[in-house]
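Just structure-v1.txt here, compact mmCIF, C-alpha atoms:
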# COMPACT_ATOMS: atom_id res chain seq x y z
CA MET A 1145 56.42 -55.45 17.13
CA ALA A 1146 58.85 -52.53 17.38
CA SER A 1147 59.16 -50.87 20.77
CA LYS A 1148 58.31 -47.21 21.15
CA SER A 1149 60.46 -44.42 22.49
CA GLU A 1150 59.64 -42.45 25.64
CA ASN A 1151 57.42 -40.04 23.73
CA GLY A 1152 55.28 -43.03 22.75
CA TRP A 1153 55.26 -42.78 18.97
CA LEU A 1154 58.73 -43.02 17.46
CA ASP A 1155 60.42 -46.39 17.11
CA ALA A 1156 62.84 -46.66 20.03
CA ALA A 1157 65.53 -48.49 18.07
CA ILE A 1158 65.57 -45.82 15.36
CA VAL A 1159 65.66 -43.04 17.96
CA GLU A 1160 68.61 -44.65 19.71
CA TYR A 1161 70.40 -45.32 16.42
CA VAL A 1162 70.10 -41.69 15.29
CA ALA A 1163 70.96 -40.27 18.72
CA ALA A 1164 74.11 -42.38 18.96
CA ARG A 1165 75.36 -40.84 15.72
CA ALA A 1166 74.65 -37.23 16.62
CA ALA A 1167 77.20 -35.05 18.40
CA GLN A 1168 77.18 -36.18 22.03
CA PRO A 1169 76.65 -33.81 24.97
CA ASP A 1170 79.80 -32.66 26.71
CA GLY A 1171 80.17 -32.51 30.48
CA VAL A 1172 78.32 -29.20 30.82
CA LEU A 1173 75.29 -30.40 28.88
CA GLN A 1174 75.23 -33.83 30.48
CA ASP A 1175 75.44 -32.33 33.96
CA LEU A 1176 72.60 -29.99 33.07
CA ARG A 1177 70.45 -32.91 31.88
CA ASP A 1178 71.15 -34.83 35.08
CA GLU A 1179 70.54 -31.83 37.34
CA THR A 1180 67.28 -30.97 35.61
CA ALA A 1181 66.02 -34.56 35.87
CA GLN A 1182 66.98 -34.80 39.55
CA ALA A 1183 65.45 -31.45 40.50
CA LEU A 1184 62.29 -31.48 38.40
CA GLY A 1185 61.40 -35.13 37.81
CA ARG A 1186 58.78 -35.55 35.09
CA ALA A 1187 58.88 -31.83 34.30
CA ALA A 1188 62.37 -32.41 32.88
CA VAL A 1189 60.64 -33.68 29.72
CA MET A 1190 60.33 -30.00 28.74
CA GLN A 1191 64.07 -30.05 28.02
CA VAL A 1192 65.02 -30.76 24.40
CA SER A 1193 66.57 -34.16 23.72
CA ALA A 1194 70.33 -34.42 23.38
CA ASP A 1195 70.18 -35.20 19.66
CA GLN A 1196 67.77 -32.33 19.12
CA GLY A 1197 70.25 -30.04 20.86
CA ALA A 1198 72.95 -31.25 18.47
CA LEU A 1199 70.65 -30.46 15.54
CA LEU A 1200 70.01 -26.93 16.88
CA THR A 1201 73.75 -26.32 16.99
CA LEU A 1202 74.18 -27.67 13.46
CA LEU A 1203 71.35 -25.65 11.93
CA THR A 1204 72.39 -22.45 13.71
CA GLY A 1205 75.93 -22.89 12.41
CA LEU A 1206 74.73 -23.49 8.84
CA THR A 1207 73.08 -20.06 8.78
CA GLY A 1208 76.26 -18.26 9.87
CA ALA A 1209 74.10 -16.68 12.55
CA THR A 1210 75.25 -13.72 14.63
CA PHE A 1211 71.92 -13.00 16.35
CA ALA A 1212 69.40 -15.56 17.57
CA VAL A 1213 66.23 -15.38 19.65
CA GLU A 1214 64.84 -18.15 21.83
CA VAL A 1215 61.29 -18.14 23.19
CA GLY A 1216 61.15 -20.53 26.15
CA THR A 1217 64.48 -21.23 27.84
CA PHE A 1218 63.61 -23.58 30.74
CA THR A 1219 66.88 -24.74 32.33
CA GLY A 1220 69.08 -23.81 29.40
CA TYR A 1221 69.91 -26.87 27.28
CA SER A 1222 68.58 -25.47 24.01
CA SER A 1223 70.07 -22.03 24.61
CA ILE A 1224 73.55 -23.51 25.05
CA SER A 1225 73.04 -25.58 21.91
CA ILE A 1226 72.04 -22.52 19.88
CA ALA A 1227 74.72 -20.25 21.33
CA ARG A 1228 77.40 -22.77 20.44
CA GLY A 1229 76.32 -22.63 16.81
CA LEU A 1230 76.65 -18.85 16.57
CA ARG A 1231 79.60 -17.10 15.00
CA PRO A 1232 82.28 -15.95 17.49
CA GLU A 1233 80.76 -12.47 17.75
CA GLY A 1234 77.21 -13.82 17.95
CA ARG A 1235 74.68 -13.30 20.70
CA LEU A 1236 71.46 -14.93 21.82
CA LEU A 1237 68.40 -13.30 23.35
CA CYS A 1238 66.37 -15.63 25.58
CA CYS A 1239 62.76 -14.96 26.57
CA ASP A 1240 61.18 -16.69 29.55
CA VAL A 1241 58.80 -16.01 32.44
CA SER A 1242 60.41 -18.22 35.10
CA GLU A 1243 63.16 -16.93 37.38
CA GLU A 1244 63.30 -20.38 38.99
CA TYR A 1245 63.98 -22.45 35.89
CA THR A 1246 66.27 -19.91 34.26
CA ALA A 1247 68.44 -19.72 37.39
CA SER A 1248 69.68 -23.16 36.36
CA ALA A 1249 70.19 -21.87 32.84
CA ARG A 1250 72.30 -18.94 34.06
CA ALA A 1251 74.53 -21.28 36.06
CA ALA A 1252 74.95 -23.57 33.06
CA TRP A 1253 75.81 -20.63 30.79
CA ASP A 1254 78.57 -19.68 33.21
CA ARG A 1255 79.96 -23.21 33.21
CA ALA A 1256 79.82 -23.29 29.40
CA GLY A 1257 81.61 -19.96 29.10
CA LEU A 1258 78.64 -18.41 27.30
CA ALA A 1259 77.24 -15.99 29.87
CA ASP A 1260 78.62 -12.95 28.04
CA ARG A 1261 76.92 -14.01 24.80
CA ILE A 1262 73.41 -14.66 26.15
CA GLU A 1263 70.90 -12.08 27.34
CA LEU A 1264 67.88 -13.23 29.35
CA ARG A 1265 64.72 -11.16 29.56
CA ILE A 1266 62.13 -12.26 32.09
CA GLY A 1267 58.56 -11.39 31.18
CA PRO A 1268 55.91 -12.20 28.57
CA ALA A 1269 57.74 -13.18 25.41
CA ALA A 1270 55.26 -11.40 23.16
CA ASP A 1271 56.11 -8.10 24.85
CA THR A 1272 59.84 -8.74 24.51
CA LEU A 1273 59.50 -9.58 20.82
CA ARG A 1274 57.40 -6.49 20.15
CA SER A 1275 60.12 -4.36 21.73
CA LEU A 1276 62.67 -5.53 19.15
CA PRO A 1277 63.39 -3.51 16.02
CA GLU A 1278 60.93 -4.24 13.24
CA THR A 1279 63.73 -4.66 10.72
CA GLU A 1280 64.82 -8.08 9.42
CA HIS A 1281 67.72 -8.58 11.83
CA ILE A 1282 67.27 -12.05 13.36
CA ASP A 1283 69.24 -14.95 11.87
CA VAL A 1284 67.74 -17.81 13.88
CA ALA A 1285 64.64 -18.07 16.07
CA PHE A 1286 63.59 -21.00 18.24
CA ILE A 1287 60.13 -21.33 19.81
CA ASP A 1288 59.61 -23.81 22.64
CA ALA A 1289 57.14 -22.27 25.07
CA ASP A 1290 53.41 -22.21 25.86
CA LYS A 1291 51.50 -23.70 22.95
CA PRO A 1292 48.66 -21.14 22.88
CA GLY A 1293 51.32 -18.47 22.32
CA TYR A 1294 52.94 -20.13 19.32
CA ALA A 1295 50.92 -18.26 16.68
CA THR A 1296 51.65 -14.91 18.33
CA TYR A 1297 55.38 -15.62 18.62
CA TRP A 1298 55.46 -16.71 14.98
CA ASP A 1299 53.70 -13.54 13.85
CA GLU A 1300 56.13 -11.36 15.80
CA LEU A 1301 59.24 -13.23 14.69
CA VAL A 1302 58.71 -13.85 10.97
CA PRO A 1303 58.86 -10.16 9.95
CA ARG A 1304 62.02 -9.74 12.04
CA VAL A 1305 63.90 -12.75 10.61
CA ARG A 1306 66.20 -11.94 7.70
CA GLN A 1307 65.81 -13.49 4.27
CA GLY A 1308 67.38 -16.94 4.41
CA GLY A 1309 67.14 -17.02 8.19
CA LEU A 1310 65.63 -19.93 10.10
CA LEU A 1311 62.69 -20.33 12.43
CA MET A 1312 62.48 -23.54 14.45
CA VAL A 1313 59.51 -24.62 16.55
CA ASP A 1314 59.45 -27.51 19.01
CA ASN A 1315 56.66 -29.99 19.87
CA THR A 1316 54.83 -29.64 16.57
CA LEU A 1317 53.96 -33.35 16.31
CA TRP A 1318 52.84 -33.58 19.96
CA SER A 1319 53.64 -37.27 20.43
CA GLY A 1320 51.98 -37.98 17.09
CA SER A 1321 48.55 -36.86 18.29
CA VAL A 1322 48.28 -34.16 15.59
CA ALA A 1323 47.82 -36.95 13.04
CA ASP A 1324 45.28 -38.89 15.11
CA PRO A 1325 41.72 -37.70 14.36
CA SER A 1326 40.45 -39.34 17.55
CA VAL A 1327 42.47 -36.88 19.66
CA ASP A 1328 40.74 -33.54 20.00
CA ASP A 1329 41.98 -31.98 23.24
CA GLU A 1330 42.60 -28.23 23.25
CA THR A 1331 46.40 -28.38 23.07
CA THR A 1332 46.41 -30.81 20.15
CA GLN A 1333 43.91 -28.65 18.28
CA THR A 1334 46.05 -25.58 18.97
CA ILE A 1335 49.15 -27.24 17.55
CA ARG A 1336 47.25 -28.51 14.50
CA ALA A 1337 46.03 -24.99 13.81
CA PHE A 1338 49.55 -23.63 14.22
CA ASN A 1339 50.98 -26.24 11.85
CA ASP A 1340 48.37 -25.34 9.25
CA LYS A 1341 49.19 -21.65 9.71
CA VAL A 1342 52.90 -22.26 9.12
CA ALA A 1343 52.29 -24.50 6.11
CA ALA A 1344 50.16 -21.77 4.52
CA ASP A 1345 52.58 -18.93 5.29
CA GLU A 1346 53.97 -17.80 1.93
CA ARG A 1347 56.78 -15.89 3.65
CA THR A 1348 58.50 -19.14 4.61
CA LEU A 1349 59.30 -22.61 3.32
CA SER A 1350 58.81 -25.14 6.12
CA TYR A 1351 59.12 -28.81 6.99
CA ILE A 1352 58.23 -30.76 10.14
CA LEU A 1353 61.07 -33.05 11.13
CA PRO A 1354 60.04 -36.23 13.01
CA ILE A 1355 62.68 -35.81 15.71
CA ALA A 1356 61.87 -35.93 19.43
CA ASP A 1357 58.37 -34.39 19.70
CA GLY A 1358 58.47 -32.85 16.24
CA LEU A 1359 60.60 -29.90 15.12
CA THR A 1360 59.36 -27.48 12.49
CA VAL A 1361 62.15 -25.85 10.50
CA ALA A 1362 61.24 -22.89 8.29
CA ARG A 1363 63.40 -20.76 6.01
CA LYS A 1364 62.44 -17.13 5.50
CA LEU A 1365 61.97 -16.44 1.80
Please re-express this file's structure in structure tokens.
Amino acid sequence: MASKSENGWLDAAIVEYVAARAAQPDGVLQDLRDETAQALGRAAVMQVSADQGALLTLLTGLTGATFAVEVGTFTGYSSISIARGLRPEGRLLCCDVSEEYTASARAAWDRAGLADRIELRIGPAADTLRSLPETEHIDVAFIDADKPGYATYWDELVPRVRQGGLLMVDNTLWSGSVADPSVDDETTQTIRAFNDKVAADERTLSYILPIADGLTVARKL
């Protein structure tokens, strides 16, 4: 019987095989992973996986993005990954509510030489998104925050993403529980409803990638 990965549902051998062939974290990213794990213990699971970070950089670069928005920054791994995929003149707006977690992110941005390209706004992300211009000016958006807020963030971001731009959403397979009818806790139901919402949204073309805890990738039509 195949062993399972840490998230409990993907085959561990396949996960390791794929991860070994993705771009590997440099010293800044590896130090950030280690520091987050040491400081936060089990809470470090909120950080994207290293291979997922590599995918974020790849997808951001494919869009030729100059402006990206991240909802949910934590200690900064995903923001560095996205910022590194931007064009040289690009910038990233990060939305988070935690001064504590994002203090680590700020330090990592400095070490990565990205501090001048990333803006952090502390406060409810929905308010930050509503304060942005209503024009289609965002190239890439990444959502990885509180699950009950996903639908709101989606609704605020989609109209502001340009045609051909990307929206990416983390944790949309929720350790596989979204496909298990015996699981009916509130968070799982919330993610199922969000996934159905995205699939039915005629403004985008979407696909859920079975990487890490599930990553939805949607192209604005």
- Skipping near chain neighbours, those fewer than 3 positions away, what residues fall within 7 Å of stretch 1192-1197 of chain A using all atoms listed in the file, listed as JSON, numbers by chain? {"A": [1163, 1166, 1169, 1200, 1201, 1221, 1222, 1225, 1356]}
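Comparing A:Ala1295, A:Leu1173, A:Val1189, A:Val1327 by their smallest distance to A:Asp1345, the closest is A:Ala1295 (using only C-alpha atoms).
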- Task: Please determine the residues with any atom at most 8 Å from (72.6, -15.9, 21.9) (coordinates as given in the file, with all atoms listed in the file counting) and report them as a ChimeraX atom specification.
- Result: /A:1211-1213,1223,1226-1227,1230,1234-1238,1261-1263
Let's have the selection written as a PDB file, in the frame of the given file, with C-alpha atoms.
ATOM      1  CA  PHE A1211      71.920 -13.000  16.350  1.00  0.00           C
ATOM      2  CA  ALA A1212      69.400 -15.560  17.570  1.00  0.00           C
ATOM      3  CA  VAL A1213      66.230 -15.380  19.650  1.00  0.00           C
ATOM      4  CA  SER A1223      70.070 -22.030  24.610  1.00  0.00           C
ATOM      5  CA  ILE A1226      72.040 -22.520  19.880  1.00  0.00           C
ATOM      6  CA  ALA A1227      74.720 -20.250  21.330  1.00  0.00           C
ATOM      7  CA  LEU A1230      76.650 -18.850  16.570  1.00  0.00           C
ATOM      8  CA  GLY A1234      77.210 -13.820  17.950  1.00  0.00           C
ATOM      9  CA  ARG A1235      74.680 -13.300  20.700  1.00  0.00           C
ATOM     10  CA  LEU A1236      71.460 -14.930  21.820  1.00  0.00           C
ATOM     11  CA  LEU A1237      68.400 -13.300  23.350  1.00  0.00           C
ATOM     12  CA  CYS A1238      66.370 -15.630  25.580  1.00  0.00           C
ATOM     13  CA  ARG A1261      76.920 -14.010  24.800  1.00  0.00           C
ATOM     14  CA  ILE A1262      73.410 -14.660  26.150  1.00  0.00           C
ATOM     15  CA  GLU A1263      70.900 -12.080  27.340  1.00  0.00           C
TER      16      GLU A1263
END
- Message: When you look at stretch 1346-1348 of chain A with a cut-off of 8 Å (counting only C-alpha atoms), what residues show up, excluding the ones that are within fewer than 3 positions of it in the same chain? I need them as a list in words.
- Response: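 Those residues are Val1302, Val1342, Ala1362, Arg1363, Lys1364 and Leu1365 of chain A.
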Could you turn the residues from that selection into a file that holds C-alpha atoms, as a compact mmCIF listing (two decimals), in the frame of the given file?
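Ended up saving to result.txt:
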# COMPACT_ATOMS: atom_id res chain seq x y z
CA VAL A 1302 58.71 -13.85 10.97
CA VAL A 1342 52.90 -22.26 9.12
CA ALA A 1362 61.24 -22.89 8.29
CA ARG A 1363 63.40 -20.76 6.01
CA LYS A 1364 62.44 -17.13 5.50
CA LEU A 1365 61.97 -16.44 1.80
For stretch 1316-1326 of chain A, what centre and edge lengths in Å (one decimal) does the axis-aligned box get once 4 Å is added on each side of all its listed atoms, as JSON?
{"center_x": 47.6, "center_y": -34.5, "center_z": 16.7, "size_x": 22.4, "size_y": 17.7, "size_z": 15.4}
- Taking only C-alpha atoms into account, which of A:Asn1315, A:Thr1272, A:Asn1339, A:Thr1207 comes nearest A:Gly1358?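 Nearest to A:Gly1358: A:Asn1315.
Atom CA of A:Thr1360 is positioned 24.1 Å from atom CA of A:Thr1246.
Considering all atoms listed in the file, the residue among A:Ala1164, A:Ala1249, A:Ala1198, A:Leu1311 positioned nearest to A:Glu1179 is A:Ala1249.
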- Message: For a test of reading the model, state the distance in Å between atom CA of A:Glu1244 and atom CA of A:Ala1289, rounded to one decimal.
- Response: 15.3 Å
- Message: I'd like the contact shell of A:Gly1208 - 9 Å cut-off, all atoms listed in the file, skipping same-chain residues fewer than 5 positions apart - returned as a ChimeraX atom specification.
- Response: /A:1229-1231,1283
- Task: Check the smallest atom-to-atom distance from each of A:Met1190, A:Val1159, A:Val1305, A:Cys1239 to A:Ile1282 using all atoms listed in the file, then report the winner.
- Result: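 Distance minimum relative to A:Ile1282 lands on A:Val1305.
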- Message: So the first atom is atom CA of A:Asp1314 and the second is atom CA of A:Pro1232; what is the distance between them in Å, to one decimal place?
- Response: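 The value is 25.6 Å.
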- Message: My list of candidates is A:Ile1158, A:Leu1199, A:Leu1264, A:Ala1259. Which is closest to A:Val1241 when distances are computed with only C-alpha atoms?
- Response: A:Leu1264
- Find the residues around stretch 1317-1321 of chain A up to 10 Å (only C-alpha atoms counted), leave out those fewer than 6 positions away in its own chain, and share them as number ranges by chain. A: 1150-1154, 1327-1329, 1331-1333, 1335-1336, 1339, 1352-1360
- Which of these residues is nearest to A:Asp1271, using all atoms listed in the file: A:Asp1288, A:Thr1217, A:Ser1242, A:Glu1300?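 With all atoms listed in the file as the atom set, the closest residue is A:Glu1300.
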